[in-house]
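Participant: File name input21.tsv; file contents TSV, N, CA and C atoms; full text below.
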```tsv
chain	number	residue	atom	x	y	z
A	1	MET	N	115.69	61.74	91.71
A	1	MET	CA	114.58	62.22	90.93
A	1	MET	C	113.31	62.32	91.77
A	2	LYS	N	113.07	61.31	92.62
A	2	LYS	CA	111.88	61.34	93.45
A	2	LYS	C	111.97	62.45	94.51
A	3	ALA	N	113.19	62.69	95.02
A	3	ALA	CA	113.35	63.73	96.03
A	3	ALA	C	112.99	65.09	95.45
A	4	GLN	N	113.38	65.35	94.22
A	4	GLN	CA	113.06	66.62	93.58
A	4	GLN	C	111.55	66.73	93.35
A	5	ASN	N	110.92	65.63	93.01
A	5	ASN	CA	109.48	65.62	92.78
A	5	ASN	C	108.75	65.94	94.09
A	6	ILE	N	109.19	65.33	95.18
A	6	ILE	CA	108.57	65.59	96.49
A	6	ILE	C	108.78	67.05	96.88
A	7	PHE	N	109.97	67.56	96.64
A	7	PHE	CA	110.27	68.95	96.97
A	7	PHE	C	109.36	69.90	96.18
A	8	ASN	N	109.19	69.62	94.90
A	8	ASN	CA	108.30	70.46	94.07
A	8	ASN	C	106.86	70.37	94.54
A	9	ARG	N	106.41	69.18	94.92
A	9	ARG	CA	105.05	69.02	95.40
A	9	ARG	C	104.83	69.79	96.70
A	10	ILE	N	105.82	69.79	97.57
A	10	ILE	CA	105.71	70.55	98.82
A	10	ILE	C	105.62	72.04	98.54
A	11	ILE	N	106.44	72.53	97.63
A	11	ILE	CA	106.41	73.96	97.27
A	11	ILE	C	105.05	74.34	96.70
A	12	ILE	N	104.53	73.51	95.80
A	12	ILE	CA	103.22	73.79	95.20
A	12	ILE	C	102.13	73.76	96.26
A	13	PHE	N	102.22	72.81	97.18
A	13	PHE	CA	101.24	72.71	98.27
A	13	PHE	C	101.18	74.00	99.09
A	14	TYR	N	102.36	74.50	99.50
A	14	TYR	CA	102.37	75.72	100.30
A	14	TYR	C	101.98	76.95	99.49
A	15	LYS	N	102.40	76.99	98.23
A	15	LYS	CA	102.05	78.13	97.38
A	15	LYS	C	100.54	78.22	97.18
A	16	ASP	N	99.90	77.09	96.92
A	16	ASP	CA	98.45	77.08	96.78
A	16	ASP	C	97.76	77.42	98.09
A	17	GLY	N	98.30	76.92	99.19
A	17	GLY	CA	97.72	77.21	100.50
A	17	GLY	C	97.75	78.68	100.82
A	18	PHE	N	98.88	79.34	100.57
A	18	PHE	CA	98.97	80.77	100.85
A	18	PHE	C	98.10	81.58	99.90
A	19	ARG	N	97.93	81.11	98.67
A	19	ARG	CA	97.13	81.83	97.69
A	19	ARG	C	95.65	81.80	98.07
A	20	GLN	N	95.19	80.69	98.66
A	20	GLN	CA	93.78	80.54	99.00
A	20	GLN	C	93.46	80.96	100.43
A	21	MET	N	94.41	81.46	101.12
A	21	MET	CA	94.23	81.84	102.52
A	21	MET	C	93.35	83.08	102.64
A	22	THR	N	92.42	83.09	103.59
A	22	THR	CA	91.60	84.28	103.82
A	22	THR	C	91.89	84.83	105.21
A	23	ILE	N	91.57	84.09	106.25
A	23	ILE	CA	91.81	84.56	107.61
A	23	ILE	C	93.28	84.38	108.00
A	24	GLY	N	94.00	83.57	107.26
A	24	GLY	CA	95.40	83.32	107.55
A	24	GLY	C	96.26	84.56	107.51
A	25	TRP	N	95.96	85.48	106.58
A	25	TRP	CA	96.75	86.71	106.48
A	25	TRP	C	96.62	87.54	107.76
A	26	THR	N	95.43	87.56	108.32
A	26	THR	CA	95.21	88.28	109.57
A	26	THR	C	95.99	87.64	110.70
A	27	LEU	N	95.97	86.31	110.75
A	27	LEU	CA	96.71	85.61	111.80
A	27	LEU	C	98.21	85.82	111.66
A	28	TRP	N	98.72	85.78	110.42
A	28	TRP	CA	100.15	86.05	110.21
A	28	TRP	C	100.50	87.47	110.62
A	29	ALA	N	99.63	88.42	110.35
A	29	ALA	CA	99.88	89.81	110.76
A	29	ALA	C	99.95	89.91	112.28
A	30	ILE	N	99.06	89.22	112.98
A	30	ILE	CA	99.07	89.23	114.44
A	30	ILE	C	100.36	88.61	114.97
A	31	VAL	N	100.79	87.50	114.37
A	31	VAL	CA	102.04	86.85	114.79
A	31	VAL	C	103.22	87.80	114.60
A	32	LEU	N	103.30	88.45	113.45
A	32	LEU	CA	104.41	89.36	113.18
A	32	LEU	C	104.40	90.57	114.11
A	33	ILE	N	103.23	91.09	114.42
A	33	ILE	CA	103.14	92.22	115.35
A	33	ILE	C	103.59	91.79	116.74
A	34	LYS	N	103.17	90.60	117.18
A	34	LYS	CA	103.59	90.11	118.49
A	34	LYS	C	105.10	89.88	118.55
A	35	LEU	N	105.68	89.35	117.48
A	35	LEU	CA	107.13	89.16	117.45
A	35	LEU	C	107.85	90.50	117.52
A	36	PHE	N	107.34	91.49	116.79
A	36	PHE	CA	107.95	92.81	116.83
A	36	PHE	C	107.90	93.37	118.25
A	37	ILE	N	106.75	93.24	118.91
A	37	ILE	CA	106.62	93.75	120.28
A	37	ILE	C	107.60	93.03	121.20
A	38	MET	N	107.68	91.71	121.08
A	38	MET	CA	108.55	90.95	121.98
A	38	MET	C	110.01	91.30	121.79
A	39	PHE	N	110.47	91.37	120.55
A	39	PHE	CA	111.89	91.54	120.31
A	39	PHE	C	112.35	92.99	120.23
A	40	ALA	N	111.53	93.88	119.78
A	40	ALA	CA	111.96	95.27	119.62
A	40	ALA	C	111.63	96.11	120.84
A	41	ILE	N	110.41	96.04	121.31
A	41	ILE	CA	109.99	96.94	122.38
A	41	ILE	C	110.39	96.41	123.75
A	42	LEU	N	110.10	95.15	124.03
A	42	LEU	CA	110.41	94.60	125.35
A	42	LEU	C	111.91	94.54	125.61
A	43	LYS	N	112.71	94.34	124.57
A	43	LYS	CA	114.17	94.30	124.74
A	43	LYS	C	114.68	95.62	125.29
A	44	VAL	N	114.14	96.70	124.82
A	44	VAL	CA	114.60	98.02	125.25
A	44	VAL	C	114.34	98.22	126.75
A	45	PHE	N	113.18	97.78	127.23
A	45	PHE	CA	112.81	98.05	128.61
A	45	PHE	C	113.30	97.00	129.61
A	46	PHE	N	113.34	95.74	129.21
A	46	PHE	CA	113.65	94.69	130.17
A	46	PHE	C	115.04	94.08	130.03
A	47	PHE	N	115.72	94.35	128.93
A	47	PHE	CA	117.04	93.78	128.72
A	47	PHE	C	118.04	94.87	128.35
A	48	PRO	N	118.40	95.70	129.31
A	48	PRO	CA	119.37	96.76	128.99
A	48	PRO	C	120.75	96.15	128.73
A	49	ASN	N	121.62	96.93	128.13
A	49	ASN	CA	122.97	96.46	127.86
A	49	ASN	C	123.76	96.47	129.17
A	50	PHE	N	123.85	95.31	129.79
A	50	PHE	CA	124.44	95.16	131.11
A	50	PHE	C	125.93	95.47	131.10
A	51	LEU	N	126.63	95.11	130.06
A	51	LEU	CA	128.08	95.30	130.02
A	51	LEU	C	128.48	96.77	129.98
A	52	ASN	N	127.60	97.63	129.48
A	52	ASN	CA	127.94	99.06	129.46
A	52	ASN	C	128.12	99.62	130.87
A	53	SER	N	127.46	99.02	131.85
A	53	SER	CA	127.62	99.49	133.23
A	53	SER	C	128.87	98.91	133.89
A	54	LYS	N	129.51	97.94	133.28
A	54	LYS	CA	130.68	97.30	133.86
A	54	LYS	C	132.00	97.80	133.30
A	55	GLY	N	131.95	98.59	132.26
A	55	GLY	CA	133.18	99.12	131.70
A	55	GLY	C	132.89	100.01	130.51
A	56	LYS	N	133.82	100.92	130.26
A	56	LYS	CA	133.63	101.86	129.15
A	56	LYS	C	134.28	101.34	127.88
A	57	THR	N	135.41	100.67	128.00
A	57	THR	CA	136.12	100.19	126.82
A	57	THR	C	135.85	98.70	126.62
A	58	GLU	N	136.17	98.23	125.44
A	58	GLU	CA	135.99	96.81	125.14
A	58	GLU	C	136.89	95.95	126.02
A	59	GLN	N	138.08	96.46	126.35
A	59	GLN	CA	138.99	95.69	127.19
A	59	GLN	C	138.44	95.54	128.61
A	60	GLU	N	137.84	96.58	129.15
A	60	GLU	CA	137.25	96.49	130.49
A	60	GLU	C	136.08	95.52	130.50
A	61	LYS	N	135.26	95.56	129.47
A	61	LYS	CA	134.14	94.64	129.38
A	61	LYS	C	134.63	93.20	129.26
A	62	ALA	N	135.64	92.99	128.43
A	62	ALA	CA	136.19	91.64	128.26
A	62	ALA	C	136.80	91.14	129.56
A	63	ALA	N	137.46	92.02	130.30
A	63	ALA	CA	138.05	91.62	131.57
A	63	ALA	C	136.96	91.23	132.57
A	64	TYR	N	135.87	91.96	132.59
A	64	TYR	CA	134.76	91.62	133.49
A	64	TYR	C	134.18	90.25	133.15
A	65	VAL	N	133.95	90.01	131.87
A	65	VAL	CA	133.39	88.72	131.45
A	65	VAL	C	134.36	87.60	131.81
A	66	ARG	N	135.65	87.80	131.57
A	66	ARG	CA	136.65	86.80	131.89
A	66	ARG	C	136.66	86.49	133.38
A	67	GLU	N	136.61	87.53	134.22
A	67	GLU	CA	136.59	87.34	135.67
A	67	GLU	C	135.37	86.54	136.10
A	68	GLN	N	134.22	86.87	135.54
A	68	GLN	CA	132.99	86.16	135.91
A	68	GLN	C	133.04	84.69	135.48
A	69	MET	N	133.59	84.44	134.33
A	69	MET	CA	133.69	83.06	133.86
A	69	MET	C	134.65	82.26	134.74
A	70	ILE	N	135.74	82.86	135.13
A	70	ILE	CA	136.71	82.15	135.98
A	70	ILE	C	136.12	81.91	137.35
A	71	GLU	N	135.44	82.90	137.92
A	71	GLU	CA	134.81	82.72	139.24
A	71	GLU	C	133.78	81.61	139.21
A	72	ASN	N	132.95	81.56	138.17
A	72	ASN	CA	131.94	80.51	138.07
A	72	ASN	C	132.58	79.15	137.90
A	73	GLU	N	133.67	79.07	137.18
A	73	GLU	CA	134.36	77.79	137.00
A	73	GLU	C	134.96	77.31	138.31
A	74	VAL	N	135.54	78.24	139.07
A	74	VAL	CA	136.11	77.87	140.36
A	74	VAL	C	135.02	77.41	141.32
A	75	LYS	N	133.87	78.09	141.32
A	75	LYS	CA	132.75	77.70	142.18
A	75	LYS	C	132.24	76.31	141.79
A	76	ASN	N	132.16	76.03	140.50
A	76	ASN	CA	131.68	74.73	140.03
A	76	ASN	C	132.65	73.61	140.37
A	77	ASP	N	133.96	73.89	140.37
A	77	ASP	CA	134.95	72.88	140.68
A	77	ASP	C	134.96	72.53	142.16
A	78	ASN	N	134.55	73.47	143.02
A	78	ASN	CA	134.58	73.25	144.46
A	78	ASN	C	133.37	72.48	144.97
A	79	ARG	N	132.42	72.18	144.14
A	79	ARG	CA	131.21	71.46	144.58
A	79	ARG	C	131.51	70.06	144.97
```
Would you mind writing the file's structure down as structure tokens?
Facilitator:
Amino acid sequence: MKAQNIFNRIIIFYKDGFRQMTIGWTLWAIVLIKLFIMFAILKVFFFPNFLNSKGKTEQEKAAYVREQMIENEVKNDNR
């Protein structure tokens, strides 16, 4: 019973806080714009799909990943 009461109080606390926010909406908008830039725009330019250059079919890509994992495991075992 107390846990539900605490949960309800937390919800009311945040609901009232967001309702009375003035500059907070601007800050949230800035945060969301920055997240969009980081994940949508920068991904396109700095994180290309590397596996597409290693094979055309899913089997070729899987074989490349498997080979890389085995090579790294062998290198780690030889240390």
Participant: Separation of CA of Phe39 in chain A and CA of Glu67 in chain A, in Å?
Facilitator: 29.4 Å
Participant: Using atom N of Gln20 in chain A and atom N of Gln4 in chain A as the two end points, give the distance in Å to one decimal.
Facilitator: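 Taking atom N of Gln20 in chain A and atom N of Gln4 in chain A, their separation equals 24.2 Å.
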Participant: Enter the distance from atom N of Phe50 in chain A to atom N of Ile33 in chain A, in Å, rounded to one decimal.
Facilitator: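 Interatomic distance, atom N of Phe50 in chain A to atom N of Ile33 in chain A: 26.1 Å.
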Participant: List every residue of chain A that DSSP, applied to the backbone of this structure, assigns to helix (DSSP H, G or I), and report them as an MDAnalysis selection string.
Facilitator: chainID A and resid 2:19 24:46 50:53 58:77
Participant: Could you name the residues that touch range 54-57 of chain A at 12 Å or less, counting only C-alpha atoms, but leaving out those on the same chain fewer than 6 positions away, as an MDAnalysis selection string?
Facilitator: chainID A and resid 63:65 67:68
Participant: Axis-aligned box over every listed atom of range 5-19 of chain A, padded by 8 Å per side: centre and edges in Å to one decimal, as lines of an AutoDock Vina configuration file?
Facilitator:
```
center_x = 103.3
center_y = 73.6
center_z = 96.8
size_x = 31.3
size_y = 32.5
size_z = 24.1
```
